[in-house]
Each structure stands twice: as C-alpha cells, then as structure tokens.
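Asker: Encoded as structure tokens, here's the structure I'll be asking about.
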Amino acid sequence: MNGVPVTATIVFQGGPWAWAGAVLALCGAAWAVAGYLRRGSRRRMAMPLVLRLLALALLALSLAEPAWVGQEAEPGANIVAVIADNSAGMEVRDAGERRTRADALAALMTDSNGEEAGWLETITQTFGLRRFAMDGQLRRVGEFTQLDFTGRASAIGGALESVERRFAGRPVAAVVLLTDGNATDEVDLGALGELPPVYPVVIGGEAPERDLSITAAAVSQSSFEDAPVTVRADLVARGYSGRQVTVRLRGGDGEEIETQVFSPSGDTESQSVRFLHRPPKSGIQFYRMEIEAGGGEEATAVNNTRLVTVNRGSGPYRVLYVSGRPNWEFKFLNRSLADDPEIELVGLIRVARREPKFTWRGREGETANPLFRGFNPDDDTAEFDQPVLVRLNTRDDRELSAGFPREAKDLFDYHAVVIDDLERSFFTVDQMDLLDAFVSRRGGSLLMLGGAESFAPGGYDKSPVGKMLPVHLGGASDQAPGRELRLDLTRDGWLSPWVRLRETESAERERLAGMSSFKSLNRVAAIKPGATVLAHVDDGGTRRPALAVQRFGNGRVGSLLVADLWRWGFSVPENRPDMEKAWRQVVRWLIADVPERVSLELKESGEGAVRAKVRVRDERHEPMADARVTVTVTGEDGKPVALAATASDTEAGVFEVTFVTEAAGATTVQATVTDANGLPVGETEDGWAANGAADEFRRLEPNRDLLEAIAAATGGEVLDAGGLAKFASRLPGMGAPEMRTWSHSLWHTPAVFLAVLGCFAAEWIIRRRAGMA
C-alpha cells in the first residue's frame with residue numbers, strides 16, 4: 001500500500017430505521033407524482049414536480065446518512081527520511097548553468113532567509129522527518145545547512161542498505177533521495193524490495209561542456225609470455241572533437257612507460273586503451289594512468305589520473321614431475337624453466353622398476369623368503385626389490401626420500417603435479433586418493449603427458465586419477481597412430497593466450513605450419529562433458545584431441561596426449577625456443593590461481609576504510625582456526641603500521657581487520673601468520689590503490705537511469721525538483737505503514753438543509769403563481 005494514493009469512497013452509515021425513513025420518502029415521491037398527474041397539464045406541473053422529487057430524494061439520502069470516507073497517514077506516527085548528496089561531485093557546474101549542483105541542492109533545502117524549505121515544513125506537519133547527509137556513508141544531520149559537499153564518495157547503495165538497517169521494523173512512509181545518481185559503489189536493485197518507497201530527485205542537467213575522464217581501470221594477467229600484464233583504461237572525452245588526447249602509463253617511480261594518442265571524432269566519445277607491459281620484477285607494483293589534452297580549461301582535473309595495482313606474486317611455485325623412465329621431455333622442460341626464479345621444478349624419475357629377487361621353494365604353496373615368515377603378510381619386501389628412483393632439484397635430503405608423497409602435508413606443498421609415462425600400479429590406492437584431494441580440495445593442478453604407459457595403456461581407466469582426467473580413456477588401442485601427426489589449435493585454443501605463442505593470428509598460423517610433426521599419440525574414447533579441447537592432431541584424416549583441460553573441484557586437470565613432444569625442438573633446433581616457451585606457458589597455466597596456505601583479500605569498506613580478509617589453512621589445507629595473524633599496512637610515507645587481525649564470526653580460518661588509507665595513494669598490505677606455538681605458517685602481500693575523488697568524478701552527467709531503476713524497485717517515482725511542494729502536500733494521502741480513517745458527513749450539513757428547503761419553497765412559489773396552491 002505504501003506509495004499508492006488512497007482513494008476515498010462514499011459510505012451510507014444509516015441504520016435500519018434510517019433506511020425505513022428513506023423508503024417512506026421514496027413512497028412520498030411516488031405519491032407526489034401521482035397527485036400531479038391527476039391535476040391536468042403536464043407542462044405546467046413539470047417544474048414543481050422536479051423540485052419536489054429533488055427535495056424528497058435529498059431527504060431520502062440524508063436519512064441513509066451518507067459520508068465521504070478515506071484514509072490518511074496517522075500524524076506523527078510515520079517517518080520520512082530525506083537524504084541529501086553531500087559528495088564533492090555535486091560541485092560540478094552543468095553546461096549553461098551559472099551555479100553548481102551543490103548550489104541547486106542547497107536552494108531546494110532552504111529558502112531565501114536560510115530557513116528550512118517549505119516542502120520540508122509541510123512534511124513535518126504529518127510525519128517524523130529524519131535528515132541525512134550521504135557521501136561515503138550515511139549520517140544523521142540536524143539541519144541541511146550543515147552540508148559542505150566535501151565527501152569523497154557517493155555510496156548510494158550503502159546509504160539505502162543503511163536506511164533498511166536503521167529503520168527495520170519501524171513505520172517509514174517514504175525515502176526522498178536528492179542526488180545526481182552517480183554512485184561510487186554497487187547498487188543491488190534486487191535487494192531493495194524490503195525498502196519503503198524511494199523518491200529520487202535528480203539534481204543536475206546536462207554534463208559540463210568540456211572534460212576528460214578515466215572512468216575505470218583494470219589489470220589482467222595471463223600465462224601468455226609476451227603479454228603477461230594488460231592494463232586497460234576506459235576513457236571519456238567531452239568537448240575535444242578533432243583534438244589530440246594523450247594517455248600515459250607511468251610506473252610507481254613516475255617513469256613514463258608508454259604513451260598512446262587518439263583524436264575524438266565526436267563531441268562526446270568513449271574510448272578504451274590497453275597497455276601491454278611486462279613488469280621488471282615480481283611482487284606488488286603500482287602504475288598510474290594519466291590523460292590530458294590542450295585547448296582550455298575542463299570541468300575538473302581530479303578524474304584525469306588513476307592508480308592501479310599489479311600483483312605479480314613472488315613464488316616460489318613448486319611443480320612435481322614424476323616419470324616412469326628417463327626421457328627427453330624432462331630435459332627440455334627443465335631447461336625451459338631453468339632461468340625462471342619463481343618456479344621450482346622437482347623431479348622424481350624411475351630409472352629401474354622393482355623386480356622379484358628370487359623364487360623361493362619352501363612349503364607347499366609358499367614362494368616368499370621363509371626368513372620373513374610370520375611378519376606382515378601385506379609386506380612384499382621379501383618378494384620384490386624397491387624401484388630405483390632419482391630425485392632432482394629437491395629442497396633438501398628428506399624431500400621425496402621415500403618416493404612419491406604419502407601424506408597430504410608433503411604433496412600439498414606443491415602447486416602442480418606432472419605425470420609422464422608412468423603406469424597406474426606405481427601408485428598405491430591411498431596415493432591416488434591423495435592426488436584426488438590435491439586437485440579437488442587443495443586446488444592444485446594435474447597434467448598427464450602421453451606415453452606408452454600413460455592413460456589407457458597405463459591402466460588408469462576407472463581409477464581415481466582417470467576420474468579426474470578430461471578424457472574418457474576406454475581400453476588400450478592396438479592400432480598404431482599415423483606417422484605424421486600435425487598439430488593445430490581448436491577455436492578454444494585460439495582464444496586461450498597460454499596456448500598461443502605469437503601475438504597475431506597470421507604469425508601463429510605460420511608457426512604451426514612450420515612445426516615438426518609427431519609420431520606418437522595416446523588415443524582416447526571421448527571427451528568428458530565440461531572439458532575443453534585446445535589442440536588436436538590430424539591422424540590419418542581423423543582429428544583426434546591432443547590437449548584437453550577441465551576444472552575438477554577447486555583445481556584443474558590437463559591431458560597432453562602427444563607422447564613425443566620433444567621432437568618439436570629436437571628434430572628442428574630452430575624450433576627449440578618455441579617449444580621451451582610453450583612449456584613455460586603450460587607451467588604458468590598449471591600454477592595460476594592455485595591457492596596458498598595464506599591468502600589475502602582487500603575490499604573497500606566505505607569512507608576510505610579497507611577490510612583485509614586473511615584466509616589461513618593448515619598443512620592439509622583445512623581451515624586453521626588457532627592462527628595468529630598480523631597485518632602490516634605501509635603507506636606512501638614508508639611507515640609500517642602493524643595491526644592484529646581477529647577471527648571471523650562466520651567463517652572458520654578467516655581473520656579480518658579494517659584500516660583507513662590516505663585519501664589518494666598506494667598502500668602495501670602484508671599478512672604474516674604464525675601458529676599457536678609461534679612457528680611461521682606463511683605470509684603474503686597485496687596492494688591497495690586509493691584514487692581519492694577520482695571515483696567520485698568518473699562520470700559527470702546525472703545517472704537518471706539508475707535513479708529510475710531504484711524508484712521502480714521500491715514502488716516510488718522520480719520527482720522533479722520543482723514539484724517537491726506538491727509532493728509534500730499529497731504525501732499524507734498516499735499509503736503509509738500507519739494510517740487513520742477520516743469521515744466527512746454529506747447530509748448533516750447546512751448546505752443539504754438549505755437545498756431541501758429551497759426546493760420546497762421554489763415548488764410552492766411556482767404552484768402559487770400557477771394557481772395550483
């Protein structure tokens with residue numbers, strides 16, 4: 001009912017006796033008609049008859065006691081919240097206007113004497129008025145004369161959420177929102193259904209005649225080696241048609257990295273520019289984008305710069321390579337990663353299988369060494385030697401000393417596992433289940449390479465490892481693949497930067513055409529639903545998958561079905577750099593987005609505050625609730641401030657702390673975690689780029705579409721600034737949580753009495769003049 005005008009109706013309040021009197025009055029009217037008809041001329045008697053009937057009808061209606069009944073807001077029982085935008089963005093002067101939006105808003109809130117505007121006084125006569133100022137947060141004000149228009153943000157979504165929390169369960173009739181609609185936060189229209197009707201008032205008209213703005217900036221990173229970081233800026237140039245606009249990317253030290261120039265073809269033009277840059281080092285780095293153009297003063301220079309954060313990570317990222325025999329693949333893979341300080345490739349290579357020592361002849365049916373009689377029957381040490389394994393690039397003497405990891409804390413120390421030409425029987429059932437948990441729970445990556453004992457020939461069908469692979473293995477095929485297998489990319493492969501090696505399509509096609517052919521391929525039965533084929537080979541006229549990937553739980557799994565990828569760089573030495581680059585990009589894809597034991601997430605909390613959320617996991621990557629977390633915040637002044645994070649009330653293993661940054665500038669945040677005994681668990685860092693008022697001025701034209709959507713979602717309507725007085729006067733007659741019923745009698749009034757008396761008197765005079773009295 002809120003926000004909908006209440007319609008008044010006529011109600012007859014008379015009781016049974018009143019209705020009986022009305023019936024008698026109607027009978028008297030019938031008697032009067034009959035009497036006039038008996039007297040002769042109808043033309044002379046028409047007027048007296050009409051007057052008598054009208055008088056009798058009024059008497060009949062009066063006896064029924066008619067009343068005009070409706071509803072209105074109960075005085076003093078309901079609340080109206082009026083929210084005024086107090087952000088610095090209101091200081092914008094629209095095209096053709098002499099005053100700013102702030103001046104226009106102030107004029108709506110006060111009269112010429114500095115007193116509260118009349119429409120607000122009208123609201124206070126019926127409603128409890130609550131006055132609020134909105135910028136980065138919603139706050140109560142005593143008078144709207146306190147507005148100073150210095151806020152750094154316009155948190156419209158946060159303000160509406162705050163209204164819902166503040167007045168939950170209380171009778172709020174309406175929310176009047178005076179703003180230009182340029183929100184600096186997200187407005188969730190779907191969550192506004194519980195709000196009372198919102199009546200936005202759009203402040204501002206056309207945007208300023210001339211302005212340059214960086215409306216948004218984003219950073220994306222990929223495994224594509226030649227363009228690991230893309231910095232994108234969305235720009236708006238207004239009033240610079242035909243002039244040169246310059247966009248610059250600068251490093252954290254102010255050094256110019258790249259410059260792009262464009263000339264807008266229209267009076268208002270939006271552009272997107274991309275800078276491809278490879279940061280010279282890992283870790284947190286900040287970049288500043290700038291836009292400028294000559295030719296006169298613009299509306300504001302605040303939105304001409306924007307700061308962004310690039311987090312390159314710092315490693316080391318550990319990859320475990322397990323192979324059933326020494327081969328060329330590990331040689332080339334190890335060589336390609338040798339110069340990458342962020343990746344540690346650890347090898348576990350079997351150089352000899354375990355074989356039976358002797359065939360013992362003892363008791364009937366006994367083949368084991370009788371010296372081991374009576375010991376664990378599941379222990380096959382008496383029958384077999386252990387395989388000979390070679391460990392390469394291990395961290396210390398203990399790493400992999402017992403072979404492939406058997407405990408989660410050992411395997412989960414890696415980010416990715418590569419299995420090459422190794423049969424299923426090499427792993428115990430527990431180790432295969434551990435690999436399943438490594439991918440699905442820990443979020444690690446698994447890649448199986450082709451080989452004589454990989455996939456179906458290795459017996460992985462219907463195993464825990466086979467369940468994770470993106471391909472259906474089926475049975476091992478006895479048919480040999482073609483001798484000239486040519487690799488090509490699928491449509492999804494062309495769209496995946498880590499699969500391509502060249503920047504342009506033509507260059508990539510030329511590279512594929514000159515690529516060496518392969519001679520060995522593991523055939524599979526089918527591709528699993530949800531998997532993606534990125535490359536295929538031509539096998540005797542039949543296209544067969546060569547590289548397929550899919551998500552599995554929290555991690556990802558890949559199948560590289562070509563078994564002799566080493567031929568790429570072995571047969572044609574000129575192709576070796578491409579092969580090594582491909583290996584580096586595959587490994588980067590494997591380690592990308594693999595969660596660490598300690599992760600840090602930064603999120604804006606309003607009014608310059610930032611909430612740091614630190615997620616901590618134990619060695620099994622289960623939530624660690626007894627950790628001690630310290631968050632160190634370092635601003636541009638270089639002075640670190642250490643804060644203790646507290647455990648979240650809603651999520652295990654999560655620790656939170658809120659801090660306030662400077663209005664604009666770069667802030668580095670580091671999280672250090674220890675366990676209950678003070679032993680180190682891990683640390684991580686991230687950066688926060690505060691752009692001050694740049695977010696507030698990223699859009700200058702009023703966002704009427706957003707305000708209309710807010711009004712529609714809450715049952716309100718967009719109001720014109722000139723119609724506030726009319727709105728305030730009709731607001732009591734609109735729906736409100738607390739209503740009262742009013743009633744105005746339509747019969748017990750002097751007007752009805754005089755009308756009846758006048759009708760009878762006029763009838764008598766006409767009859768007397770006609771000689772009928």
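Residues in the structure tokens are named by chain (A, B, ... in the order shown) and by number from 1 within that chain; ligands are numbered from 1 in the order shown.
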Considering only C-alpha atoms, return as a list in words whatever protein or nucleic-acid residues lie within 8 Å of Leu719 (chain A), sequence-local ones (same chain, fewer than 3 positions apart) excluded.
Answerer: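 The neighbour list is Tyr199, Pro200, Val201, Val202, Gly723 and Leu724 of chain A.
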Asker: What parts of region 173-374 of chain A does DSSP call alpha helix (DSSP H)? I'd like the answer as a list of chain:residue names.
Answerer: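 Going through region 173-374 of chain A, the alpha helix (DSSP H) residues come out as A:Trp328, A:Glu329, A:Phe330, A:Lys331, A:Phe332, A:Leu333, A:Asn334, A:Arg335, A:Ser336.
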Asker: Give me the region 605-722 of chain A side of the contact with region 414-429 of chain A, cut-off 12 Å, one line per residue showing its nearest atom pair and distance in Å at one decimal, counting only C-alpha atoms, sorted by chain and residue number, as CSV.
Answerer:
```
residue,atom,partner,partner_atom,distance
A:Glu619,CA,A:Tyr414,CA,11.3
A:Arg620,CA,A:Tyr414,CA,11.9
A:His621,CA,A:Tyr414,CA,11.9
```
Asker: In terms of the shortest atom-to-atom distance over only C-alpha atoms, which of A:Ala173, A:Ile257, A:Gly493, A:Ser213 is closest to Glu505 (chain A)?
Answerer: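 The closest residue to Glu505 (chain A) is A:Gly493.
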Asker: So, with only C-alpha atoms as the atoms that count, which of A:Met468, A:Leu707, A:Ala535, A:Val629 lies closest to Leu679 (chain A)?
Answerer: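 Answer, going by the shortest atom-to-atom distance: A:Val629.
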Asker: Would you work out the distance separating CA of Leu147 (chain A) from CA of Asn304 (chain A), expressed in Å to one decimal?
Answerer: 26.3 Å
Asker: Nearest residue to Asp705 (chain A) out of A:Pro623, A:Pro577, A:Gly181, A:Gly193, using only C-alpha atoms?
Answerer: A:Gly181
Asker: Enter the distance from CA of Phe332 (chain A) to CA of Val572 (chain A), in Å, rounded to one decimal.
Answerer: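 Calculated distance between CA of Phe332 (chain A) and CA of Val572 (chain A) is 13.6 Å.
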Asker: So which one's closest to Glu596 (chain A), A:Pro316, A:Gly733, A:Pro573, A:Gly692? Using only C-alpha atoms, please.
Answerer: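 Nearest candidate to Glu596 (chain A) out of A:Pro316, A:Gly733, A:Pro573, A:Gly692: A:Pro316.
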Asker: Residues within 10 Å of Arg509 (chain A), please, as a list in words. Count only C-alpha atoms; anything in the same chain fewer than 5 positions from it doesn't count.
Answerer: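 My list of contacting residues is Asp488, Leu489, Arg500, Arg502, Thr504, Gly514 and Met515 of chain A.
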Asker: Output N, CA, C and O atoms for every residue in the selection just made, as a CSV table (one decimal), in the first residue's frame.
Answerer:
```csv
chain,number,residue,atom,x,y,z
A,488,ASP,N,47.3,-28.7,-34.6
A,488,ASP,CA,46.6,-27.5,-34.9
A,488,ASP,C,45.8,-27.1,-33.7
A,488,ASP,O,45.4,-28.0,-32.8
A,489,LEU,N,45.4,-25.8,-33.6
A,489,LEU,CA,44.6,-25.3,-32.5
A,489,LEU,C,43.1,-25.4,-32.8
A,489,LEU,O,42.7,-25.2,-33.9
A,500,ARG,N,48.7,-20.0,-27.3
A,500,ARG,CA,49.3,-19.4,-28.4
A,500,ARG,C,50.8,-18.9,-28.1
A,500,ARG,O,51.1,-18.7,-26.9
A,502,ARG,N,52.3,-16.6,-30.6
A,502,ARG,CA,52.5,-15.4,-31.3
A,502,ARG,C,51.4,-14.4,-31.0
A,502,ARG,O,50.3,-14.8,-30.6
A,504,THR,N,49.8,-12.4,-33.2
A,504,THR,CA,48.8,-12.2,-34.3
A,504,THR,C,48.4,-13.6,-34.8
A,504,THR,O,49.2,-14.6,-34.7
A,514,GLY,N,55.1,-24.5,-39.8
A,514,GLY,CA,56.5,-24.9,-39.7
A,514,GLY,C,56.9,-25.8,-38.6
A,514,GLY,O,58.0,-26.1,-38.4
A,515,MET,N,55.9,-26.2,-37.8
A,515,MET,CA,56.1,-27.0,-36.6
A,515,MET,C,56.4,-28.5,-37.0
A,515,MET,O,55.8,-29.0,-38.0
```
Asker: Show which residues sit within 10 Å of Ser599 (chain A), as a ChimeraX atom specification. Count only C-alpha atoms, and ignore same-chain residues fewer than 6 positions away.
Answerer: /A:613-617,654,671,682-686
Asker: Using only C-alpha atoms, which of the listed residues (A:Leu700, A:Val319, A:Asp188, A:Ser729) sits closest to Val236 (chain A)?
Answerer: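 Comparing A:Leu700, A:Val319, A:Asp188, A:Ser729 against Val236 (chain A), the winner is A:Leu700.
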Asker: Just asking: which residues within region 561-707 of chain A are strand (DSSP E or B) according to DSSP, as a PyMOL selection string?
Answerer: chain A and resi 562+598-606+609-617+623+628-634+640-644+646-647+654-660+664-674+680-691
Asker: Find the residues around region 90-93 of chain A up to 12 Å (only C-alpha atoms counted), leave out those fewer than 3 positions away in its own chain, and share them as a CSV table (one decimal) with C-alpha atoms, in the first residue's frame.
Answerer:
```
chain,number,residue,atom,x,y,z
A,84,ALA,CA,20.9,14.8,0.5
A,85,ASP,CA,24.1,14.0,-1.5
A,86,ASN,CA,27.0,15.7,0.3
A,87,SER,CA,29.8,14.5,-2.1
A,96,GLY,CA,24.9,26.6,-19.5
A,97,GLU,CA,24.5,26.9,-15.7
A,98,ARG,CA,26.0,29.6,-13.5
A,99,ARG,CA,25.6,27.7,-10.3
A,100,THR,CA,26.8,24.3,-9.3
A,101,ARG,CA,24.7,21.3,-8.5
A,102,ALA,CA,25.6,21.8,-4.8
A,103,ASP,CA,24.0,25.3,-5.1
A,104,ALA,CA,20.9,23.9,-6.7
A,105,LEU,CA,20.6,21.3,-4.0
A,106,ALA,CA,21.1,23.8,-1.2
A,134,MET,CA,25.2,11.0,2.1
A,135,ASP,CA,28.8,10.7,0.9
A,147,LEU,CA,26.0,20.2,4.1
A,148,ASP,CA,29.6,21.1,3.0
A,149,PHE,CA,29.8,18.9,-0.2
A,150,THR,CA,33.3,17.6,0.6
A,151,GLY,CA,32.6,13.9,0.6
A,152,ARG,CA,35.0,11.6,-1.4
A,153,ALA,CA,32.3,9.2,-2.5
A,154,SER,CA,28.6,8.8,-3.3
A,178,LEU,CA,18.3,14.1,-3.7
A,179,THR,CA,21.4,13.3,-5.8
A,180,ASP,CA,22.8,13.2,-9.3
A,181,GLY,CA,22.7,9.4,-9.2
A,182,ASN,CA,26.5,8.9,-9.8
A,183,ALA,CA,27.1,6.1,-7.3
A,202,VAL,CA,17.6,14.2,-10.0
A,203,ILE,CA,20.0,17.1,-9.3
A,204,GLY,CA,21.7,18.4,-12.4
A,205,GLY,CA,21.0,18.6,-16.1
A,206,GLU,CA,23.4,18.3,-19.0
A,207,ALA,CA,27.1,17.4,-18.3
A,208,PRO,CA,29.8,20.1,-18.4
A,209,GLU,CA,30.8,21.2,-21.9
A,210,ARG,CA,34.4,20.1,-21.6
A,211,ASP,CA,36.0,17.3,-19.6
A,298,GLU,CA,38.0,21.5,-18.3
A,299,ALA,CA,35.3,20.8,-15.6
A,300,THR,CA,37.7,19.1,-13.2
A,301,ALA,CA,41.2,17.6,-13.3
A,302,VAL,CA,40.6,15.2,-10.5
A,693,ALA,CA,37.9,11.8,-5.5
A,696,GLU,CA,33.5,10.5,-7.5
A,697,PHE,CA,34.2,12.4,-10.7
A,698,ARG,CA,34.5,9.5,-13.1
A,699,ARG,CA,31.0,10.3,-14.5
A,700,LEU,CA,29.7,13.8,-14.7
A,701,GLU,CA,26.3,13.5,-16.3
A,702,PRO,CA,23.4,12.6,-13.9
```
Asker: As a list of chain:residue names, please: the residues near Ala77 (chain A) (cut-off 9 Å, only C-alpha atoms, same-chain neighbours under 2 positions excluded).
Answerer: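 Answer for this query is A:Ala73, A:Glu74, A:Pro75, A:Ile79, A:Thr126, A:Phe127, A:Gly128, A:Pro171, A:Pro737, A:Glu738, A:Met739.
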Asker: Just to be explicit: take each residue in the selection above, keep C-alpha atoms, and write the result as a PDB file, in the first residue's frame.
Answerer:
```pdb
ATOM      1  CA  ALA A  73      -1.248   8.888   7.315  1.00  0.00           C
ATOM      2  CA  GLU A  74      -1.537   8.983  11.086  1.00  0.00           C
ATOM      3  CA  PRO A  75       0.022  12.310  12.151  1.00  0.00           C
ATOM      4  CA  ILE A  79       8.749   8.559   9.326  1.00  0.00           C
ATOM      5  CA  THR A 126       2.316  14.921   9.408  1.00  0.00           C
ATOM      6  CA  PHE A 127       5.496  12.882   9.560  1.00  0.00           C
ATOM      7  CA  GLY A 128       8.566  12.478  11.683  1.00  0.00           C
ATOM      8  CA  PRO A 171       6.966   2.718  10.032  1.00  0.00           C
ATOM      9  CA  PRO A 737       2.524   1.901   7.398  1.00  0.00           C
ATOM     10  CA  GLU A 738       0.375   3.685   9.992  1.00  0.00           C
ATOM     11  CA  MET A 739      -2.916   5.017   8.603  1.00  0.00           C
TER      12      MET A 739
END
```
Asker: Could you give me, as a VMD selection string, the residues within 9 Å of Ala711 (chain A), counting only C-alpha atoms and dropping anything in the same chain fewer than 4 positions from it?
Answerer: chain A and resid 197 to 200 706 to 707 715 to 718
Asker: Save the residues we just selected, N, CA and C atoms, as a PDB file, in the first residue's frame?
Answerer:
```pdb
ATOM      1  N   PRO A 197       9.039   3.057  -0.205  1.00  0.00           N
ATOM      2  CA  PRO A 197       9.170   3.720  -1.500  1.00  0.00           C
ATOM      3  C   PRO A 197      10.265   4.793  -1.478  1.00  0.00           C
ATOM      4  N   VAL A 198      11.121   4.748  -2.492  1.00  0.00           N
ATOM      5  CA  VAL A 198      12.191   5.734  -2.627  1.00  0.00           C
ATOM      6  C   VAL A 198      11.795   6.698  -3.736  1.00  0.00           C
ATOM      7  N   TYR A 199      11.862   7.992  -3.426  1.00  0.00           N
ATOM      8  CA  TYR A 199      11.505   9.037  -4.387  1.00  0.00           C
ATOM      9  C   TYR A 199      12.765   9.841  -4.709  1.00  0.00           C
ATOM     10  N   PRO A 200      13.480   9.455  -5.767  1.00  0.00           N
ATOM     11  CA  PRO A 200      14.692  10.203  -6.116  1.00  0.00           C
ATOM     12  C   PRO A 200      14.349  11.554  -6.747  1.00  0.00           C
ATOM     13  N   LEU A 706      19.733   5.013 -13.320  1.00  0.00           N
ATOM     14  CA  LEU A 706      19.871   4.324 -12.040  1.00  0.00           C
ATOM     15  C   LEU A 706      18.788   4.763 -11.062  1.00  0.00           C
ATOM     16  N   LEU A 707      18.524   6.051 -10.996  1.00  0.00           N
ATOM     17  CA  LEU A 707      17.516   6.547 -10.058  1.00  0.00           C
ATOM     18  C   LEU A 707      16.119   6.044 -10.440  1.00  0.00           C
ATOM     19  N   GLY A 715       8.862   0.862  -5.529  1.00  0.00           N
ATOM     20  CA  GLY A 715       7.491   1.354  -5.600  1.00  0.00           C
ATOM     21  C   GLY A 715       7.373   2.860  -5.518  1.00  0.00           C
ATOM     22  N   GLY A 716       8.453   3.592  -5.723  1.00  0.00           N
ATOM     23  CA  GLY A 716       8.406   5.044  -5.707  1.00  0.00           C
ATOM     24  C   GLY A 716       8.359   5.613  -7.106  1.00  0.00           C
ATOM     25  N   GLU A 717       8.758   6.848  -7.254  1.00  0.00           N
ATOM     26  CA  GLU A 717       8.799   7.504  -8.549  1.00  0.00           C
ATOM     27  C   GLU A 717       9.833   8.618  -8.501  1.00  0.00           C
ATOM     28  N   VAL A 718      10.368   8.960  -9.683  1.00  0.00           N
ATOM     29  CA  VAL A 718      11.332  10.051  -9.781  1.00  0.00           C
ATOM     30  C   VAL A 718      10.568  11.370  -9.756  1.00  0.00           C
TER      31      VAL A 718
END
```
Asker: Could you please determine the separation between CA of Leu138 (chain A) and CA of Gly157 (chain A) in Å, to one decimal place?
Answerer: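 One can read the CA of Leu138 (chain A) to CA of Gly157 (chain A) distance as 10.3 Å.
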